[in-house]
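Peer 1: Have a look at this one.
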Amino acid sequence: MSSYNPDPGASPSNLTYLALLSQRDASSQVPVNYVNHAGVVLSAACFGNGQYLRDETVSCLSNLLVMNFRRFVVDIFWDVTRGEWSLCPIQLGTPSGRTSGTATTTTKLPETTLSLSSRPIGGRSTDVDALQTSFVLETINEKWQATTTAQSPSQPSTTAAATATSSAPSSADRYDCSPSTNLDLLLGVLFEHFAETNTDVNATMVTMTLNIHAARAASGPVEGQPQLGPADLPQGSLRLGPIFTENLGSLLYTPSQLAIQRSILNNPGGWLEVGESYQPSTSYFTLTGDPIKSSPDGWPGEGYIELANYKRLIVGIDSIDAQMAAYNFSADAATIFPRGYLEAARGVNLTANGAVSSGCFFDAAETSLSSINSSWAVASVAQDQSATQSDLQLLYNKASNMMKCGISPILNTTLAGRTADQDYLPYQSYAQSSIWSWAAGEPGNASAMASTSSNRCATLNSSSGHWQVSDCGSYRSGACQSNTQPYVWYISSPATQYYKVDDACPEGSSFEVPSTALENAYLLQQFRMALGPTPDPAGSLLWIDYNDLDVPTCWVTGRNTTCPYGGDSTNDRTKELVVPTVAGAIILLVTVLTLLVKCAGNRQNSKRRRRRGNDGWDYEGVPA
């Protein structure tokens, strides 16, 4: 079985795919910490029935990835009896066969043994994956110092995502574990997913936070397990940093990269010195210095990380069991973000119909970014496993409403009592509830839209709060955003055609498209206020700066903007994500490894290594 094998029906339909693609593009310049996505706790979605089996795990994770879950909370367990990181909470070795954590090698999937971590970044500067911890910003180091003080079992995870895996019953009867269901398997699925989605119209970023546990003996107590000593903990290449670097190093966006980029934003290849479409919106973070610009709190957008720097994965720590307190987390600080850096738990209260009654970041009376701090905001969403279909719809409503409030809804339940490999449909519906932009069935007529069609411009419907296509020649007001405050919007007057809205925007603002769900909520509020107390029940329409005038189904901002790729993945303008040419020494190393493999005569391993190697060299990253 392949290491990436989603069910065919789990892939989004053509229309949903187009909505997700255009939503990704609309958000691509907003710093990633302000763009919320649907997330999932892997232990609930894949292992809620206590089955930790290899093929089922591959199928489950593959389905979740292809359905557009973008945030993953993963429970991993250090199995001291085998000397490896497992996804199963129970030790699978024997006490007499305990493996020391000081080993310098580890068993890995053959496909993941080669790393491109030393390749150039876009041909402009040196990759910083291997830089020492000393390059990490002081704020990140401070976070890691706090991380080494382990979280006690009684303290909740910051995403409220700790599942039954960390408080399992004393009997191991409920668990059925394959030895190969481990961290290497998870990283192998991720690698192949990234290789399968290596074009600019398919690539998305994944954020992963780890709950760190010690696997317990099958017959041992749940509570009160002793803290592991240094000799029993992973060291060397068994640490998390080296494992992620070895398997996915060329695709990781790391703390060391963030630190260096923050220090000189206008360095060649820096956030402010790349193509305009890749530059992050500076209204979302603090800028200091002149002429050398820096930022103490900024993040780049997905356009920069993914499309200009070829990175696809950000990894951080969520929680740490007390048994793992002696693990040297600081040694991983250049690769893995510390606890609390990629998530900020948001207390949310919900009404009976799933509306957010408190905890929402939207506040009609407050538009200052410093007061509406939705950076990495997350909240857990759970449901009784005996939920009916109507109960599931309520769950989807909760997730959708959290998205509109600027919060990433993290699914922490096994939907309808079935994991995502057993029944992907409820999970697919949950993921699609995170589409905050287009209304259901939109962009309308996308599959049959002719180049001469007039319905080529986007509008915001005042009733639904979602977007729909409209005739560009119609006369309407337009959405004008402040040039310095992303949550401040104006409604242009008088009504005009799409092509002329720019001229009608007030001074200090520009005709724009909402880039996040929270921006959309603020625009919707302003639009409804402008309409007055008796709006049309069917909804009035407002121009937003999004159109597919150049190529049908390719949505862009600006009336004269050229589509950066075709309307479908087969168009000539669709580009592969190309990793730049690798140094000759690396090529020589691959040649030597290939010869060694042939000499060994291990046909199966040779085949696997060749496939991963080919995917690695051909995978190009997203083009600059």
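By order of appearance in the structure tokens: chains A, B, ..., then residues from 1 within every chain, and ligands from 1 in the order shown.
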As a list of chain:residue names, please: the residues near range 70-83 of chain A (cut-off 6 Å, only C-alpha atoms, same-chain neighbours under 4 positions excluded).
Peer 2: A:His37, A:Gly39, A:Val40, A:Val41, A:Leu42, A:Leu87, A:Pro89, A:Gln91, A:Gly93, A:Thr94, A:Arg98, A:Thr99, A:Gly101, A:Val206, A:Thr207, A:Met208, A:Thr209, A:Leu210, A:Asn211, A:Ile212, A:His213, A:Ala214, A:Ala215
Peer 1: Could the residues in this selection be saved with C-alpha atoms as a PDB file, in the first residue's frame?
Peer 2:
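The resulting result.pdb:
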ATOM      1  CA  HIS A  37      -8.218  26.955   8.894  1.00  0.00           C
ATOM      2  CA  GLY A  39      -8.047  21.538  12.052  1.00  0.00           C
ATOM      3  CA  VAL A  40      -8.312  18.046  13.487  1.00  0.00           C
ATOM      4  CA  VAL A  41      -6.981  15.987  16.388  1.00  0.00           C
ATOM      5  CA  LEU A  42      -5.521  12.867  14.778  1.00  0.00           C
ATOM      6  CA  LEU A  87       1.504   6.757  17.380  1.00  0.00           C
ATOM      7  CA  PRO A  89       0.094   4.828  23.439  1.00  0.00           C
ATOM      8  CA  GLN A  91       4.847   0.035  24.554  1.00  0.00           C
ATOM      9  CA  GLY A  93       8.582  -3.993  22.912  1.00  0.00           C
ATOM     10  CA  THR A  94       9.522  -5.990  25.974  1.00  0.00           C
ATOM     11  CA  ARG A  98      14.643  -2.052  26.100  1.00  0.00           C
ATOM     12  CA  THR A  99      16.514   0.042  23.596  1.00  0.00           C
ATOM     13  CA  GLY A 101      17.648   6.306  23.538  1.00  0.00           C
ATOM     14  CA  VAL A 206       0.061  22.293   6.840  1.00  0.00           C
ATOM     15  CA  THR A 207       0.554  23.343  10.463  1.00  0.00           C
ATOM     16  CA  MET A 208       1.198  20.500  12.912  1.00  0.00           C
ATOM     17  CA  THR A 209       1.405  20.666  16.709  1.00  0.00           C
ATOM     18  CA  LEU A 210       2.651  17.709  18.740  1.00  0.00           C
ATOM     19  CA  ASN A 211       1.481  16.366  22.086  1.00  0.00           C
ATOM     20  CA  ILE A 212       4.537  14.621  23.558  1.00  0.00           C
ATOM     21  CA  HIS A 213       3.890  11.489  25.638  1.00  0.00           C
ATOM     22  CA  ALA A 214       5.781   8.476  26.993  1.00  0.00           C
ATOM     23  CA  ALA A 215       4.261   5.192  25.863  1.00  0.00           C
TER      24      ALA A 215
END
Peer 1: Could you name the residues that touch range 458-475 of chain A at 7 Å or less, counting only C-alpha atoms, but leaving out those on the same chain fewer than 3 positions away, as a list in words?
Peer 2: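 The contact residues come out as Trp436, Ser437, Trp438, Ala439, Glu442, Pro443, Gly444, Ser454, Asn455, Ala495, Thr496, Gln497, Tyr498, Leu524, Phe527, Arg528, Pro537, Ala538, Gly539, Ser540, Leu541, Leu542, Trp543, Ile544, Tyr546 and Asn547 of chain A.
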Peer 1: Dump N, CA, C and O atoms for the selected residues as a short mmCIF file (atom, residue, chain, number, x, y, z; two decimals), in the first residue's frame?
Peer 2:
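So the final result, stored in selection-v1.cif, reads:
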data_model
loop_
_atom_site.label_atom_id
_atom_site.label_comp_id
_atom_site.auth_asym_id
_atom_site.auth_seq_id
_atom_site.Cartn_x
_atom_site.Cartn_y
_atom_site.Cartn_z
N TRP A 436 -15.28 30.16 4.08
CA TRP A 436 -15.94 31.37 4.55
C TRP A 436 -16.25 32.35 3.42
O TRP A 436 -16.99 33.30 3.60
N SER A 437 -15.68 32.10 2.26
CA SER A 437 -15.76 33.07 1.17
C SER A 437 -16.99 32.84 0.29
O SER A 437 -18.00 33.53 0.42
N TRP A 438 -16.92 31.88 -0.61
CA TRP A 438 -17.97 31.67 -1.59
C TRP A 438 -19.19 30.99 -0.97
O TRP A 438 -19.07 30.12 -0.12
N ALA A 439 -20.37 31.36 -1.46
CA ALA A 439 -21.61 30.69 -1.07
C ALA A 439 -21.66 29.30 -1.70
O ALA A 439 -20.92 29.00 -2.64
N GLU A 442 -21.14 28.33 -5.56
CA GLU A 442 -20.36 29.39 -6.19
C GLU A 442 -18.88 29.00 -6.19
O GLU A 442 -18.45 28.18 -5.39
N PRO A 443 -18.07 29.57 -7.11
CA PRO A 443 -18.41 30.57 -8.12
C PRO A 443 -19.36 29.99 -9.17
O PRO A 443 -19.04 28.99 -9.81
N GLY A 444 -20.55 30.60 -9.31
CA GLY A 444 -21.61 30.08 -10.15
C GLY A 444 -21.20 29.90 -11.59
O GLY A 444 -20.45 30.68 -12.16
N SER A 454 -20.64 37.50 -19.00
CA SER A 454 -20.48 38.76 -18.26
C SER A 454 -20.41 38.53 -16.76
O SER A 454 -20.05 39.43 -16.02
N ASN A 455 -20.80 37.33 -16.29
CA ASN A 455 -20.76 37.04 -14.85
C ASN A 455 -19.36 36.64 -14.44
O ASN A 455 -19.06 35.48 -14.17
N ALA A 495 -23.14 54.25 -6.78
CA ALA A 495 -23.00 52.93 -7.39
C ALA A 495 -22.35 53.06 -8.76
O ALA A 495 -22.60 54.02 -9.49
N THR A 496 -21.50 52.09 -9.07
CA THR A 496 -20.80 52.13 -10.35
C THR A 496 -20.51 50.72 -10.82
O THR A 496 -20.76 49.74 -10.11
N GLN A 497 -19.99 50.59 -12.03
CA GLN A 497 -19.61 49.28 -12.54
C GLN A 497 -18.32 48.82 -11.85
O GLN A 497 -17.56 49.61 -11.29
N TYR A 498 -18.08 47.50 -11.91
CA TYR A 498 -16.90 46.92 -11.27
C TYR A 498 -15.63 47.65 -11.69
O TYR A 498 -14.77 47.95 -10.86
N LEU A 524 -18.87 42.88 5.98
CA LEU A 524 -20.30 42.58 5.97
C LEU A 524 -21.06 43.51 6.92
O LEU A 524 -22.13 44.03 6.58
N PHE A 527 -21.30 46.96 5.37
CA PHE A 527 -22.24 46.94 4.25
C PHE A 527 -23.68 46.96 4.77
O PHE A 527 -24.53 47.73 4.26
N ARG A 528 -23.97 46.15 5.77
CA ARG A 528 -25.33 46.11 6.32
C ARG A 528 -25.72 47.45 6.96
O ARG A 528 -26.87 47.89 6.84
N PRO A 537 -34.56 41.13 1.83
CA PRO A 537 -34.40 39.78 2.42
C PRO A 537 -33.54 38.86 1.56
O PRO A 537 -32.86 37.97 2.09
N ALA A 538 -33.59 39.05 0.25
CA ALA A 538 -32.79 38.20 -0.63
C ALA A 538 -31.33 38.62 -0.66
O ALA A 538 -30.48 37.90 -1.16
N GLY A 539 -31.04 39.79 -0.10
CA GLY A 539 -29.67 40.26 -0.04
C GLY A 539 -29.32 41.22 -1.15
O GLY A 539 -29.68 41.02 -2.31
N SER A 540 -28.66 42.29 -0.77
CA SER A 540 -28.09 43.21 -1.75
C SER A 540 -26.67 42.77 -2.04
O SER A 540 -26.05 42.04 -1.26
N LEU A 541 -26.11 43.25 -3.16
CA LEU A 541 -24.78 42.82 -3.59
C LEU A 541 -23.81 43.99 -3.59
O LEU A 541 -24.17 45.11 -3.96
N LEU A 542 -22.58 43.71 -3.17
CA LEU A 542 -21.52 44.70 -3.08
C LEU A 542 -20.31 44.21 -3.85
O LEU A 542 -19.87 43.06 -3.67
N TRP A 543 -19.75 45.07 -4.69
CA TRP A 543 -18.55 44.67 -5.43
C TRP A 543 -17.38 44.41 -4.47
O TRP A 543 -17.14 45.20 -3.57
N ILE A 544 -16.67 43.31 -4.67
CA ILE A 544 -15.37 43.08 -4.04
C ILE A 544 -14.37 42.85 -5.17
O ILE A 544 -14.75 42.41 -6.26
N TYR A 546 -12.47 40.99 -6.96
CA TYR A 546 -12.10 39.63 -7.37
C TYR A 546 -12.81 39.35 -8.68
O TYR A 546 -14.02 39.58 -8.81
N ASN A 547 -12.06 38.87 -9.67
CA ASN A 547 -12.64 38.60 -10.98
C ASN A 547 -11.87 37.49 -11.68
O ASN A 547 -10.74 37.16 -11.31
#
Peer 1: Would you list the contacts of Tyr487 in chain A as a ChimeraX atom specification, taking every protein, DNA or RNA residue within 6 Å and counting only C-alpha atoms, but skipping same-chain residues closer than 3 positions in sequence?
Peer 2: /A:367,519,522
Peer 1: Using only C-alpha atoms, which of A:Gln432, A:Ser277, A:Ser510, A:Ser86 sits nearest Cys177 in chain A?
Peer 2: A:Ser86
Peer 1: Name the closest residue to Tyr396 in chain A among the candidates A:Asn373, A:Gln428, A:Gln323, A:Thr254; distances are taken between atoms, counting only C-alpha atoms.
Peer 2: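 Closest residue, counting only C-alpha atoms: A:Gln428.
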Peer 1: Quick one: everything within 9 Å of range 417-427 of chain A, counting only C-alpha atoms, minus sequence neighbours fewer than 5 positions away in the same chain. Send it as a PyMOL selection string.
Peer 2: chain A and resi 6-7+9-10+44-49+56-64+67+384-387+392+432
Peer 1: Can you pull out every residue within 9 Å of Ile491 in chain A, counting only C-alpha atoms, but drop anything in the same chain fewer than 4 positions away, and send it as a PyMOL selection string?
Peer 2: chain A and resi 477-481+505-506+523+526-527+530+542
Peer 1: Excluding Cys360 in chain A and any residue of its chain fewer than 6 positions from it, enumerate the residues within 8 Å of it, using only C-alpha atoms, and give them as a list in words.
Peer 2: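 Residues near the query, excluding close chain neighbours: Val348, Met402, Cys405, Gly406 and Ile407 of chain A.
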Peer 1: Would you output that residue set with N, CA, C and O atoms, as a PDB file, in the first residue's frame?
Peer 2:
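Below you can see out22.pdb, which holds the result:
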ATOM      1  N   VAL A 348     -14.405  29.903  24.024  1.00  0.00           N
ATOM      2  CA  VAL A 348     -15.573  30.179  23.193  1.00  0.00           C
ATOM      3  C   VAL A 348     -16.807  29.567  23.837  1.00  0.00           C
ATOM      4  O   VAL A 348     -16.787  28.409  24.271  1.00  0.00           O
ATOM      5  N   MET A 402     -17.151  29.724  14.071  1.00  0.00           N
ATOM      6  CA  MET A 402     -15.823  30.000  14.642  1.00  0.00           C
ATOM      7  C   MET A 402     -14.905  30.600  13.586  1.00  0.00           C
ATOM      8  O   MET A 402     -14.147  31.538  13.857  1.00  0.00           O
ATOM      9  N   CYS A 405     -15.409  34.125  13.122  1.00  0.00           N
ATOM     10  CA  CYS A 405     -14.937  34.886  14.285  1.00  0.00           C
ATOM     11  C   CYS A 405     -13.418  34.974  14.351  1.00  0.00           C
ATOM     12  O   CYS A 405     -12.861  35.491  15.328  1.00  0.00           O
ATOM     13  N   GLY A 406     -12.718  34.455  13.348  1.00  0.00           N
ATOM     14  CA  GLY A 406     -11.259  34.515  13.342  1.00  0.00           C
ATOM     15  C   GLY A 406     -10.599  33.424  14.144  1.00  0.00           C
ATOM     16  O   GLY A 406      -9.458  33.594  14.587  1.00  0.00           O
ATOM     17  N   ILE A 407     -11.282  32.287  14.323  1.00  0.00           N
ATOM     18  CA  ILE A 407     -10.778  31.195  15.155  1.00  0.00           C
ATOM     19  C   ILE A 407     -10.712  29.917  14.321  1.00  0.00           C
ATOM     20  O   ILE A 407     -11.670  29.587  13.613  1.00  0.00           O
TER      21      ILE A 407
END
Peer 1: Grab the CA of Leu228 in chain A to CA of Glu343 in chain A distance for me, in Å with one decimal place.
Peer 2: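 Computing it gives 27.1 Å between the two atoms.
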Peer 1: Quick one: pick out all helix (DSSP H, G or I) residues within range 307-516 of chain A from a backbone DSSP run and write them as a count of residues only.
Peer 2: 43
Peer 1: To one decimal place, how far is CA of Ser368 in chain A from CA of Ile410 in chain A in Å?
Peer 2: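 Spanning CA of Ser368 in chain A to CA of Ile410 in chain A is a straight-line distance of 26.2 Å.
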Peer 1: For Phe337 in chain A, please output as a PyMOL selection string all residues within 8 Å (counting only C-alpha atoms; exclusion window: fewer than 4 positions along the same chain).
Peer 2: chain A and resi 140+254-255+315-317+333+341-342
Peer 1: So what do you get for CA of Ser433 in chain A versus CA of Val32 in chain A, distance-wise?
Peer 2: 19.7 Å
